[in-house]
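Visitor: If it helps, the file is called input.pdb and holds PDB, C-alpha atoms, pLDDT in the B column:
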ATOM      1  CA  MET A   1      -4.784  -5.325  25.862  1.00 48.00           C
ATOM      2  CA  LYS A   2      -3.235  -2.010  24.962  1.00 42.00           C
ATOM      3  CA  LEU A   3      -3.458  -0.776  21.424  1.00 47.00           C
ATOM      4  CA  LEU A   4      -0.874   1.949  21.851  1.00 36.00           C
ATOM      5  CA  LYS A   5       1.644   0.201  19.612  1.00 44.00           C
ATOM      6  CA  VAL A   6      -0.938  -0.253  16.898  1.00 41.00           C
ATOM      7  CA  MET A   7      -1.572   3.424  16.589  1.00 41.00           C
ATOM      8  CA  GLY A   8       1.897   4.104  15.215  1.00 41.00           C
ATOM      9  CA  VAL A   9       0.187   3.638  11.872  1.00 36.00           C
ATOM     10  CA  GLY A  10       1.976   4.603   8.703  1.00 35.00           C
ATOM     11  CA  LEU A  11       5.130   5.697  10.522  1.00 34.00           C
ATOM     12  CA  ILE A  12       6.927   2.474  11.444  1.00 34.00           C
ATOM     13  CA  LEU A  13       6.372   0.618   8.183  1.00 35.00           C
ATOM     14  CA  THR A  14       7.343   3.517   5.942  1.00 36.00           C
ATOM     15  CA  THR A  15      10.984   2.466   5.879  1.00 36.00           C
ATOM     16  CA  LEU A  16       9.962  -0.949   4.572  1.00 39.00           C
ATOM     17  CA  PHE A  17       8.410   0.566   1.481  1.00 40.00           C
ATOM     18  CA  MET A  18      10.968   3.125   0.337  1.00 33.00           C
ATOM     19  CA  VAL A  19      12.422   2.546  -3.105  1.00 32.00           C
ATOM     20  CA  GLY A  20      14.468   4.744  -5.313  1.00 32.00           C
ATOM     21  CA  CYS A  21      15.671   6.712  -8.240  1.00 34.00           C
ATOM     22  CA  THR A  22      13.612   8.204 -11.004  1.00 35.00           C
ATOM     23  CA  ASN A  23      14.480   6.955 -14.444  1.00 43.00           C
ATOM     24  CA  LYS A  24      11.637   6.431 -16.888  1.00 47.00           C
ATOM     25  CA  GLU A  25       7.915   5.934 -16.613  1.00 51.00           C
ATOM     26  CA  VAL A  26       5.373   4.884 -19.234  1.00 47.00           C
ATOM     27  CA  ASN A  27       1.632   4.440 -19.487  1.00 49.00           C
ATOM     28  CA  ASN A  28       0.888   0.876 -20.473  1.00 48.00           C
ATOM     29  CA  VAL A  29      -2.658  -0.306 -21.079  1.00 44.00           C
ATOM     30  CA  SER A  30      -2.309  -3.668 -22.800  1.00 45.00           C
ATOM     31  CA  ASP A  31      -4.356  -4.938 -25.730  1.00 41.00           C
ATOM     32  CA  ASP A  32      -6.456  -7.156 -23.487  1.00 43.00           C
ATOM     33  CA  ASN A  33      -7.154  -4.219 -21.116  1.00 44.00           C
ATOM     34  CA  LYS A  34      -4.786  -5.591 -18.511  1.00 44.00           C
ATOM     35  CA  THR A  35      -6.564  -4.051 -15.582  1.00 45.00           C
ATOM     36  CA  LYS A  36      -6.103  -5.803 -12.251  1.00 49.00           C
ATOM     37  CA  ILE A  37      -9.309  -7.630 -11.391  1.00 48.00           C
ATOM     38  CA  ILE A  38     -10.841  -7.369  -7.954  1.00 49.00           C
ATOM     39  CA  GLU A  39     -10.938 -10.588  -5.952  1.00 42.00           C
ATOM     40  CA  GLU A  40     -14.667 -10.301  -5.318  1.00 39.00           C
ATOM     41  CA  SER A  41     -17.109 -10.266  -8.239  1.00 42.00           C
ATOM     42  CA  GLN A  42     -18.601  -6.820  -8.730  1.00 50.00           C
ATOM     43  CA  ASN A  43     -20.239  -7.297 -12.098  1.00 49.00           C
ATOM     44  CA  ASN A  44     -23.428  -5.559 -11.005  1.00 62.00           C
ATOM     45  CA  ILE A  45     -21.679  -2.317 -10.052  1.00 74.00           C
ATOM     46  CA  SER A  46     -21.704   0.549 -12.540  1.00 90.00           C
ATOM     47  CA  LEU A  47     -18.463   2.373 -11.834  1.00 94.00           C
ATOM     48  CA  ASP A  48     -18.014   6.122 -12.166  1.00 94.00           C
ATOM     49  CA  TYR A  49     -14.399   5.699 -13.287  1.00 97.00           C
ATOM     50  CA  SER A  50     -12.000   3.317 -15.022  1.00 96.00           C
ATOM     51  CA  ILE A  51      -8.550   2.001 -14.123  1.00 97.00           C
ATOM     52  CA  GLU A  52      -5.448   2.297 -16.282  1.00 97.00           C
ATOM     53  CA  GLU A  53      -2.211   0.501 -15.505  1.00 97.00           C
ATOM     54  CA  GLN A  54       1.052   2.447 -15.341  1.00 96.00           C
ATOM     55  CA  ILE A  55       4.581   1.029 -15.368  1.00 95.00           C
ATOM     56  CA  TYR A  56       7.693   2.635 -13.891  1.00 93.00           C
ATOM     57  CA  LYS A  57      11.044   1.183 -14.949  1.00 93.00           C
ATOM     58  CA  ASP A  58      14.567   1.914 -13.809  1.00 90.00           C
ATOM     59  CA  GLU A  59      16.775  -0.304 -15.928  1.00 89.00           C
ATOM     60  CA  ASN A  60      19.927   0.950 -14.221  1.00 86.00           C
ATOM     61  CA  LYS A  61      18.801  -0.546 -10.919  1.00 87.00           C
ATOM     62  CA  ASN A  62      16.591  -3.299 -12.340  1.00 90.00           C
ATOM     63  CA  ILE A  63      13.386  -1.910 -10.835  1.00 91.00           C
ATOM     64  CA  THR A  64       9.900  -2.434 -12.285  1.00 94.00           C
ATOM     65  CA  ILE A  65       6.825  -1.040 -10.529  1.00 95.00           C
ATOM     66  CA  LYS A  66       3.244  -1.386 -11.742  1.00 96.00           C
ATOM     67  CA  TYR A  67       0.499   0.796 -10.331  1.00 96.00           C
ATOM     68  CA  PRO A  68      -2.988   2.048 -11.290  1.00 97.00           C
ATOM     69  CA  LEU A  69      -4.478   5.457 -12.024  1.00 97.00           C
ATOM     70  CA  ILE A  70      -8.155   6.290 -12.508  1.00 97.00           C
ATOM     71  CA  THR A  71      -9.667   7.892 -15.594  1.00 97.00           C
ATOM     72  CA  GLY A  72     -13.082   9.136 -16.608  1.00 96.00           C
ATOM     73  CA  TYR A  73     -14.231  10.409 -13.206  1.00 96.00           C
ATOM     74  CA  GLU A  74     -16.605  13.365 -13.481  1.00 93.00           C
ATOM     75  CA  GLY A  75     -14.977  15.407 -10.722  1.00 92.00           C
ATOM     76  CA  GLU A  76     -11.709  16.327 -12.409  1.00 95.00           C
ATOM     77  CA  MET A  77     -10.092  17.901  -9.352  1.00 95.00           C
ATOM     78  CA  THR A  78     -11.085  14.958  -7.152  1.00 95.00           C
ATOM     79  CA  MET A  79      -9.710  12.564  -9.761  1.00 97.00           C
ATOM     80  CA  ASP A  80      -6.434  14.491  -9.855  1.00 96.00           C
ATOM     81  CA  TYR A  81      -6.049  14.188  -6.098  1.00 96.00           C
ATOM     82  CA  ILE A  82      -6.909  10.492  -6.148  1.00 97.00           C
ATOM     83  CA  ASN A  83      -4.273   9.927  -8.820  1.00 97.00           C
ATOM     84  CA  GLN A  84      -1.813  11.976  -6.812  1.00 95.00           C
ATOM     85  CA  SER A  85      -2.343   9.567  -3.920  1.00 95.00           C
ATOM     86  CA  LEU A  86      -1.948   6.544  -6.185  1.00 95.00           C
ATOM     87  CA  THR A  87       1.220   8.029  -7.667  1.00 92.00           C
ATOM     88  CA  ASN A  88       2.609   8.894  -4.235  1.00 90.00           C
ATOM     89  CA  ALA A  89       2.260   5.242  -3.306  1.00 89.00           C
ATOM     90  CA  VAL A  90       5.063   4.465  -5.753  1.00 80.00           C
ATOM     91  CA  SER A  91       6.926   7.783  -5.774  1.00 74.00           C
ATOM     92  CA  ILE A  92       8.501   6.821  -2.454  1.00 69.00           C
ATOM     93  CA  TYR A  93      10.161   3.989  -4.326  1.00 70.00           C
ATOM     94  CA  LYS A  94      11.830   6.482  -6.651  1.00 68.00           C
ATOM     95  CA  ASN A  95      13.382   8.998  -4.295  1.00 54.00           C
ATOM     96  CA  LYS A  96      15.659   7.087  -1.982  1.00 54.00           C
ATOM     97  CA  ILE A  97      18.448   5.376  -3.849  1.00 50.00           C
ATOM     98  CA  SER A  98      21.526   7.196  -5.178  1.00 50.00           C
ATOM     99  CA  ASP A  99      24.493   6.132  -7.274  1.00 46.00           C
ATOM    100  CA  ASP A 100      28.050   7.005  -7.915  1.00 46.00           C
ATOM    101  CA  ILE A 101      28.021   7.330 -11.711  1.00 37.00           C
ATOM    102  CA  LYS A 102      31.059   7.281 -13.962  1.00 39.00           C
ATOM    103  CA  SER A 103      31.274   9.440 -17.052  1.00 37.00           C
ATOM    104  CA  ASN A 104      30.225   6.479 -19.192  1.00 41.00           C
ATOM    105  CA  ASN A 105      27.039   6.243 -17.086  1.00 46.00           C
ATOM    106  CA  GLU A 106      27.914   2.884 -15.557  1.00 46.00           C
ATOM    107  CA  ARG A 107      26.736   2.109 -12.069  1.00 44.00           C
ATOM    108  CA  THR A 108      29.648   1.802  -9.662  1.00 44.00           C
ATOM    109  CA  GLU A 109      28.095   1.679  -6.216  1.00 51.00           C
ATOM    110  CA  LEU A 110      24.596   1.567  -4.726  1.00 50.00           C
ATOM    111  CA  LYS A 111      24.675   3.861  -1.736  1.00 60.00           C
ATOM    112  CA  ASP A 112      21.192   3.524  -0.316  1.00 72.00           C
ATOM    113  CA  GLY A 113      17.803   2.090  -1.250  1.00 82.00           C
ATOM    114  CA  TYR A 114      16.170  -0.646  -3.295  1.00 82.00           C
ATOM    115  CA  PHE A 115      17.382  -2.412  -6.436  1.00 88.00           C
ATOM    116  CA  ASN A 116      16.612  -5.686  -8.246  1.00 90.00           C
ATOM    117  CA  THR A 117      13.012  -5.017  -7.262  1.00 89.00           C
ATOM    118  CA  ASN A 118       9.712  -6.020  -8.862  1.00 92.00           C
ATOM    119  CA  ILE A 119       6.438  -4.618  -7.504  1.00 94.00           C
ATOM    120  CA  ASP A 120       2.957  -5.420  -8.793  1.00 96.00           C
ATOM    121  CA  TYR A 121      -0.485  -4.532  -7.511  1.00 97.00           C
ATOM    122  CA  LYS A 122      -3.980  -5.907  -7.149  1.00 97.00           C
ATOM    123  CA  ILE A 123      -7.226  -4.080  -6.562  1.00 98.00           C
ATOM    124  CA  THR A 124      -9.023  -5.667  -3.633  1.00 98.00           C
ATOM    125  CA  ARG A 125     -11.988  -3.302  -3.568  1.00 98.00           C
ATOM    126  CA  GLN A 126     -13.253  -1.092  -6.357  1.00 97.00           C
ATOM    127  CA  ASP A 127     -16.629   0.593  -6.164  1.00 96.00           C
ATOM    128  CA  ASN A 128     -17.968   4.130  -6.090  1.00 96.00           C
ATOM    129  CA  LYS A 129     -17.222   4.475  -2.378  1.00 96.00           C
ATOM    130  CA  ILE A 130     -13.740   3.000  -1.856  1.00 97.00           C
ATOM    131  CA  LEU A 131     -10.790   2.080  -4.052  1.00 98.00           C
ATOM    132  CA  SER A 132      -8.280  -0.180  -2.308  1.00 98.00           C
ATOM    133  CA  VAL A 133      -4.988  -1.102  -3.967  1.00 98.00           C
ATOM    134  CA  VAL A 134      -2.417  -3.534  -2.549  1.00 97.00           C
ATOM    135  CA  TYR A 135       1.186  -3.338  -3.769  1.00 96.00           C
ATOM    136  CA  SER A 136       3.422  -6.354  -3.238  1.00 94.00           C
ATOM    137  CA  GLY A 137       6.761  -7.631  -4.413  1.00 92.00           C
ATOM    138  CA  GLU A 138      10.299  -8.562  -3.568  1.00 91.00           C
ATOM    139  CA  GLY A 139      13.622  -6.871  -3.935  1.00 88.00           C
ATOM    140  CA  LYS A 140      16.988  -6.039  -2.463  1.00 87.00           C
ATOM    141  CA  ILE A 141      17.793  -3.128  -0.201  1.00 84.00           C
ATOM    142  CA  ARG A 142      20.958  -1.454   0.976  1.00 81.00           C
ATOM    143  CA  TYR A 143      20.805   0.811   4.026  1.00 78.00           C
ATOM    144  CA  GLN A 144      22.917   3.917   4.247  1.00 72.00           C
ATOM    145  CA  GLY A 145      26.241   3.312   5.953  1.00 69.00           C
ATOM    146  CA  LEU A 146      25.967  -0.494   5.770  1.00 74.00           C
ATOM    147  CA  ASP A 147      27.993  -2.386   3.190  1.00 75.00           C
ATOM    148  CA  GLU A 148      25.464  -5.200   3.091  1.00 82.00           C
ATOM    149  CA  GLU A 149      22.431  -6.181   1.036  1.00 85.00           C
ATOM    150  CA  PHE A 150      19.156  -7.411   2.508  1.00 86.00           C
ATOM    151  CA  ASP A 151      16.183  -9.239   1.000  1.00 88.00           C
ATOM    152  CA  ALA A 152      12.996  -7.149   1.101  1.00 85.00           C
ATOM    153  CA  ASN A 153       9.461  -8.480   1.310  1.00 87.00           C
ATOM    154  CA  ILE A 154       7.291  -5.552   0.186  1.00 90.00           C
ATOM    155  CA  LEU A 155       3.644  -5.097   1.098  1.00 93.00           C
ATOM    156  CA  SER A 156       1.876  -1.746   1.021  1.00 93.00           C
ATOM    157  CA  SER A 157      -1.604  -0.407   0.339  1.00 96.00           C
ATOM    158  CA  LYS A 158      -3.495   2.700  -0.648  1.00 97.00           C
ATOM    159  CA  ASN A 159      -7.170   3.107   0.281  1.00 98.00           C
ATOM    160  CA  ILE A 160      -9.105   6.082  -1.047  1.00 97.00           C
ATOM    161  CA  ASP A 161     -12.573   7.407  -0.329  1.00 97.00           C
ATOM    162  CA  ILE A 162     -13.728   8.207  -3.851  1.00 97.00           C
ATOM    163  CA  ALA A 163     -16.133  11.043  -3.041  1.00 95.00           C
ATOM    164  CA  THR A 164     -13.616  13.088  -1.041  1.00 96.00           C
ATOM    165  CA  ALA A 165     -10.229  11.781  -2.259  1.00 96.00           C
ATOM    166  CA  THR A 166      -9.385  11.115   1.406  1.00 96.00           C
ATOM    167  CA  GLU A 167      -6.731   8.482   2.074  1.00 97.00           C
ATOM    168  CA  ILE A 168      -8.119   5.963   4.550  1.00 97.00           C
ATOM    169  CA  GLU A 169      -5.653   4.634   7.080  1.00 97.00           C
ATOM    170  CA  LEU A 170      -5.977   2.974  10.451  1.00 96.00           C
ATOM    171  CA  PHE A 171      -5.696   6.231  12.367  1.00 94.00           C
ATOM    172  CA  ASN A 172      -8.662   7.882  10.622  1.00 96.00           C
ATOM    173  CA  TYR A 173     -10.725   4.729  10.049  1.00 97.00           C
ATOM    174  CA  ILE A 174     -11.099   3.350  13.574  1.00 97.00           C
ATOM    175  CA  LYS A 175     -13.074   5.586  15.917  1.00 97.00           C
ATOM    176  CA  GLU A 176     -10.799   6.915  18.624  1.00 95.00           C
ATOM    177  CA  ASP A 177     -12.950   5.576  21.454  1.00 97.00           C
ATOM    178  CA  LYS A 178     -13.192   2.128  19.815  1.00 97.00           C
ATOM    179  CA  LEU A 179      -9.493   1.319  19.575  1.00 95.00           C
ATOM    180  CA  GLU A 180      -9.558  -1.119  22.466  1.00 95.00           C
ATOM    181  CA  GLN A 181     -12.544  -3.013  21.057  1.00 97.00           C
ATOM    182  CA  VAL A 182     -10.858  -3.369  17.678  1.00 97.00           C
ATOM    183  CA  GLY A 183      -7.687  -4.497  19.456  1.00 96.00           C
ATOM    184  CA  ASP A 184      -9.663  -7.231  21.213  1.00 97.00           C
ATOM    185  CA  ILE A 185     -11.068  -8.412  17.862  1.00 98.00           C
ATOM    186  CA  LEU A 186      -7.597  -8.523  16.332  1.00 97.00           C
ATOM    187  CA  ASP A 187      -6.240 -10.354  19.362  1.00 97.00           C
ATOM    188  CA  GLN A 188      -8.890 -13.046  18.920  1.00 97.00           C
ATOM    189  CA  LYS A 189      -8.231 -13.266  15.172  1.00 97.00           C
ATOM    190  CA  ALA A 190      -4.515 -13.691  15.833  1.00 96.00           C
ATOM    191  CA  LYS A 191      -5.163 -16.517  18.303  1.00 96.00           C
ATOM    192  CA  GLU A 192      -7.453 -18.223  15.795  1.00 96.00           C
ATOM    193  CA  LYS A 193      -4.484 -18.263  13.393  1.00 94.00           C
ATOM    194  CA  GLY A 194      -2.332 -19.994  16.001  1.00 93.00           C
ATOM    195  CA  LEU A 195      -0.485 -16.861  17.066  1.00 92.00           C
ATOM    196  CA  GLY A 196       0.082 -15.966  20.691  1.00 90.00           C
ATOM    197  CA  GLY A 197      -2.046 -12.870  20.283  1.00 92.00           C
ATOM    198  CA  PHE A 198      -2.010  -9.488  18.607  1.00 93.00           C
ATOM    199  CA  GLU A 199       1.080  -7.402  19.273  1.00 86.00           C
ATOM    200  CA  ALA A 200       2.378  -5.166  16.539  1.00 85.00           C
ATOM    201  CA  GLU A 201       3.599  -1.774  15.451  1.00 83.00           C
ATOM    202  CA  GLY A 202       2.836   0.018  12.220  1.00 89.00           C
ATOM    203  CA  VAL A 203      -0.392  -1.817  11.421  1.00 95.00           C
ATOM    204  CA  ARG A 204      -1.906  -0.951   8.070  1.00 96.00           C
ATOM    205  CA  ILE A 205      -5.154  -1.892   6.348  1.00 98.00           C
ATOM    206  CA  TYR A 206      -6.715  -2.668   3.013  1.00 98.00           C
ATOM    207  CA  PHE A 207     -10.320  -3.247   2.057  1.00 98.00           C
ATOM    208  CA  LYS A 208     -12.252  -6.056   0.466  1.00 98.00           C
ATOM    209  CA  THR A 209     -15.920  -5.782  -0.430  1.00 95.00           C
ATOM    210  CA  ASP A 210     -17.174  -7.395   2.778  1.00 97.00           C
ATOM    211  CA  SER A 211     -14.174  -7.104   5.092  1.00 98.00           C
ATOM    212  CA  VAL A 212     -11.066  -5.211   6.124  1.00 98.00           C
ATOM    213  CA  VAL A 213      -7.606  -6.800   6.301  1.00 98.00           C
ATOM    214  CA  PHE A 214      -5.219  -5.584   9.012  1.00 98.00           C
ATOM    215  CA  TYR A 215      -1.612  -6.440   8.202  1.00 97.00           C
ATOM    216  CA  TYR A 216       1.722  -5.959   9.920  1.00 95.00           C
ATOM    217  CA  MET A 217       5.214  -7.327  10.286  1.00 89.00           C
ATOM    218  CA  PRO A 218       5.661  -9.194  13.592  1.00 87.00           C
ATOM    219  CA  LEU A 219       7.823  -7.560  16.248  1.00 83.00           C
ATOM    220  CA  ASP A 220      10.267 -10.474  16.008  1.00 80.00           C
ATOM    221  CA  ASP A 221      13.341  -9.115  14.220  1.00 73.00           C
ATOM    222  CA  SER A 222      13.748 -12.417  12.364  1.00 73.00           C
ATOM    223  CA  ALA A 223      10.237 -12.243  10.855  1.00 76.00           C
ATOM    224  CA  LYS A 224      10.108 -11.951   7.075  1.00 79.00           C
ATOM    225  CA  LYS A 225       6.409 -12.470   6.304  1.00 88.00           C
ATOM    226  CA  PHE A 226       3.550 -10.115   6.995  1.00 93.00           C
ATOM    227  CA  ILE A 227       0.654 -11.271   9.134  1.00 95.00           C
ATOM    228  CA  GLU A 228      -2.809 -10.534   7.784  1.00 97.00           C
ATOM    229  CA  LEU A 229      -5.931 -10.559   9.959  1.00 97.00           C
ATOM    230  CA  GLU A 230      -9.263 -10.274   8.142  1.00 98.00           C
ATOM    231  CA  VAL A 231     -12.254  -8.788   9.964  1.00 98.00           C
ATOM    232  CA  SER A 232     -15.747  -8.684   8.463  1.00 98.00           C
ATOM    233  CA  ASN A 233     -17.633  -5.435   8.015  1.00 97.00           C
ATOM    234  CA  GLU A 234     -20.283  -6.777  10.394  1.00 97.00           C
ATOM    235  CA  GLU A 235     -17.720  -7.227  13.155  1.00 98.00           C
ATOM    236  CA  LEU A 236     -16.542  -3.646  12.660  1.00 98.00           C
ATOM    237  CA  GLU A 237     -20.001  -2.106  12.598  1.00 97.00           C
ATOM    238  CA  GLY A 238     -20.137   0.911  14.886  1.00 97.00           C
ATOM    239  CA  LEU A 239     -16.369   0.866  15.411  1.00 98.00           C
ATOM    240  CA  VAL A 240     -15.275   2.621  12.244  1.00 98.00           C
ATOM    241  CA  VAL A 241     -15.781   5.911  10.416  1.00 96.00           C
ATOM    242  CA  GLU A 242     -18.300   5.605   7.588  1.00 93.00           C
ATOM    243  CA  GLU A 243     -18.145   9.109   6.089  1.00 92.00           C
ATOM    244  CA  PHE A 244     -15.124  11.318   5.437  1.00 92.00           C
ATOM    245  CA  ASP A 245     -14.822  15.062   5.029  1.00 83.00           C
ATOM    246  CA  MET A 246     -13.101  16.454   1.972  1.00 73.00           C
ATOM    247  CA  SER A 247      -9.397  16.184   2.682  1.00 60.00           C
ATOM    248  CA  PHE A 248      -7.315  16.256  -0.467  1.00 54.00           C
ATOM    249  CA  ALA A 249      -3.853  14.700  -0.500  1.00 46.00           C
ATOM    250  CA  SER A 250      -0.989  17.142  -0.121  1.00 43.00           C
TER     251      SER A 250
END
Represent the structure of the file as structure tokens.

Guide:
Amino acid sequence: MKLLKVMGVGLILTTLFMVGCTNKEVNNVSDDNKTKIIEESQNNISLDYSIEEQIYKDENKNITIKYPLITGYEGEMTMDYINQSLTNAVSIYKNKISDDIKSNNERTELKDGYFNTNIDYKITRQDNKILSVVYSGEGKIRYQGLDEEFDANILSSKNIDIATATEIELFNYIKEDKLEQVGDILDQKAKEKGLGGFEAEGVRIYFKTDSVVFYYMPLDDSAKKFIELEVSNEELEGLVVEEFDMSFAS
């Protein structure tokens, strides 16, 4: 099968994850150290950094977004770039929507973007090699020029190589000459889930300790749920990039 559609990584799904309008943002580490816990137990790992939860709120548009930043990492510049990536993952939610505002600061019309939106996160892999964060939630969206509201099912991820601050995405994770082999694996995984096969655009990934999850929205325009295909690290051995060069986020 052809994997050409798959390689539109990060471009097609971007519009699904855009949210808007800066309002106020606060650091919020709760009394019980409300850090998101990784699905897999990693009690034996001594981490070189810690996680602190941040909360962005826009009360005018009823938006709440939770996201993590790292602290305590020895390489200060690397840590800054990692946090820039983690912040960028939610900054796209703040820059899209615009209002018509009356003098009394009341909202009169939502022109474009998300509102009534709640986004949380979970950390699916956290070690000294890779940090993988999955953002999920639901909301409402209004597209520019359309006087209609749509329900939004939000799923996004940010994967970072800790040593280099490189963002890991499908396009730089799968070896270029192994795309077809990975496509065959995903096709088989899709069939095992009762799907007709693997056919998608804008595929993205997130990491677990022993596997990688490939997720995408089906090509069917009526689809509202993301499909997730989990592939073990063993199955991907020799097909993926293991080491990344220093490539700080812009």

Visitor: Exactly which residues make up the result of the PyMOL selection byres ((chain A and resi 158) around 9) on this file, given as an MDAnalysis selection string?

Guide: chainID A and resid 85:86 89 131:135 156:157 159:160 167:169 205:206

Visitor: Selection in question (the file shown): the PyMOL selection byres ((chain A and resi 216) around 10). Which residues does it include, as a VMD selection string?

Guide: chain A and resid 6 9 13 155 to 156 199 to 205 214 to 215 217 to 219 225 to 229

Visitor: Using only C-alpha atoms, can you tell me which of A:Glu235, A:Asp112, A:Asp48, A:Glu149 comes closest to A:Glu74?

Guide: A:Asp48

Visitor: Expressed in Å to a single decimal, how great is the separation between atom CA of A:Thr87 and atom CA of A:Val212?

Guide: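 Between atom CA of A:Thr87 and atom CA of A:Val212 the gap works out to 22.7 Å.
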
Visitor: Which residue gives the smallest distance to A:Ile55 among A:Glu243, A:Asp80, A:Glu176, A:Asp120, with all atoms listed in the file counted?

Guide: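 Ranked by minimum distance to A:Ile55, first place goes to A:Asp120.
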
Visitor: Using atom CA of A:Ile119 and atom CA of A:Phe207 as the two end points, give the distance in Å to one decimal.

Guide: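 Computed distance, atom CA of A:Ile119 to atom CA of A:Phe207, equals 19.3 Å.
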
Visitor: Just how far from atom CA of A:Tyr173 is atom CA of A:Glu192, in Å to one decimal?

Guide: 23.9 Å

Visitor: Work out where the centre of an axis-aligned box around every listed atom of stretch 75-84 of chain A lies and how long its edges are once 6 Å is added on each side; give both in Å to one decimal as JSON.

Guide:
{"center_x": -8.4, "center_y": 13.9, "center_z": -9.3, "size_x": 25.2, "size_y": 20.0, "size_z": 18.3}
